[in-house]
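Chemist: My questions will all concern the structure given below.
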Amino acid sequence: MSMTFTSEDRVLLDRYIESVLLRFNDGRYDLQEATRALAESFVQVGRGQPDVLMHMRGVVEAGDDA
């Protein structure tokens, strides 16, 4: 199953990846947590789950609270 990203979704995806990597860099995520977070998003996209966008938005909006 595939999922089509709009240009707005692509911006969100980029911000999500940046958020995970920044948390790893800051030591808030270890390598396993960062890998798990990114992999889970790929799994959700592969399953065509529309709530993956809400998940990504939540991670981005959590900012320093994560």
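Letters for chains follow the order of the structure tokens (A, B, ...), residue numbers begin at 1 for each chain, and ligand numbers begin at 1 in the order shown.
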Could you pull out all residues of chain A with a DSSP call of helix (DSSP H, G or I) and give them as a PyMOL selection string?

Modeler: chain A and resi 7-25+31-46+52-65

Chemist: I'd like the neighbourhood of A:Leu38 as a short mmCIF file (atom, residue, chain, number, x, y, z; two decimals) with N, CA and C atoms, in the first residue's frame, where a residue qualifies if any of its atoms comes within 10 Å (using only C-alpha atoms), though same-chain residues fewer than 4 positions away should be ignored.

Modeler:
```cif
data_model
loop_
_atom_site.label_atom_id
_atom_site.label_comp_id
_atom_site.auth_asym_id
_atom_site.auth_seq_id
_atom_site.Cartn_x
_atom_site.Cartn_y
_atom_site.Cartn_z
N TYR A 16 9.71 16.27 11.19
CA TYR A 16 9.66 15.10 12.07
C TYR A 16 11.04 14.44 12.15
N ILE A 17 11.63 14.19 11.00
CA ILE A 17 12.96 13.56 10.97
C ILE A 17 13.97 14.44 11.70
N VAL A 20 13.49 14.09 15.50
CA VAL A 20 14.04 12.85 16.04
C VAL A 20 15.56 12.93 16.10
N LEU A 21 16.18 13.42 15.03
CA LEU A 21 17.64 13.50 14.99
C LEU A 21 18.18 14.50 16.01
N GLU A 33 16.07 4.34 20.53
CA GLU A 33 14.81 5.10 20.54
C GLU A 33 14.61 5.87 19.23
N ALA A 34 15.68 6.48 18.74
CA ALA A 34 15.58 7.23 17.49
C ALA A 34 15.26 6.29 16.32
N PHE A 42 7.76 4.68 9.25
CA PHE A 42 7.82 3.99 7.95
C PHE A 42 6.81 2.85 7.91
N VAL A 43 6.69 2.12 9.00
CA VAL A 43 5.73 1.01 9.07
C VAL A 43 4.31 1.54 8.91
N MET A 56 3.43 12.25 13.60
CA MET A 56 4.57 13.10 13.26
C MET A 56 4.35 14.52 13.79
#
```

Chemist: In Å, with one decimal, what is the gap from atom CA of A:Gly58 to atom CA of A:Arg10?

Modeler: 15.3 Å

Chemist: Pick the closest to A:Leu22 from A:Met54, A:Val45, A:Ala39, A:Val59: which is it, counting only C-alpha atoms?

Modeler: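 Ranked by minimum distance to A:Leu22, first place goes to A:Val59.
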
Chemist: Under the rule that only C-alpha atoms are counted, which of A:Val52, A:Glu18, A:Arg36, A:Gly27 is the nearest residue to A:Phe5?

Modeler: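 Answer, going by the shortest atom-to-atom distance: A:Val52.
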
Chemist: Kindly give the distance, in Å, that separates atom CA of A:Ser41 and atom CA of A:Arg57, rounded to a single decimal.

Modeler: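 If I compute the distance from atom CA of A:Ser41 to atom CA of A:Arg57, I get 11.5 Å.
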
Chemist: When you count only C-alpha atoms, which of these residues is closest to A:Val11: A:Ala62, A:Ala37, A:Leu31, A:Leu53?

Modeler: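 Smallest separation from A:Val11 among the options: A:Leu53.
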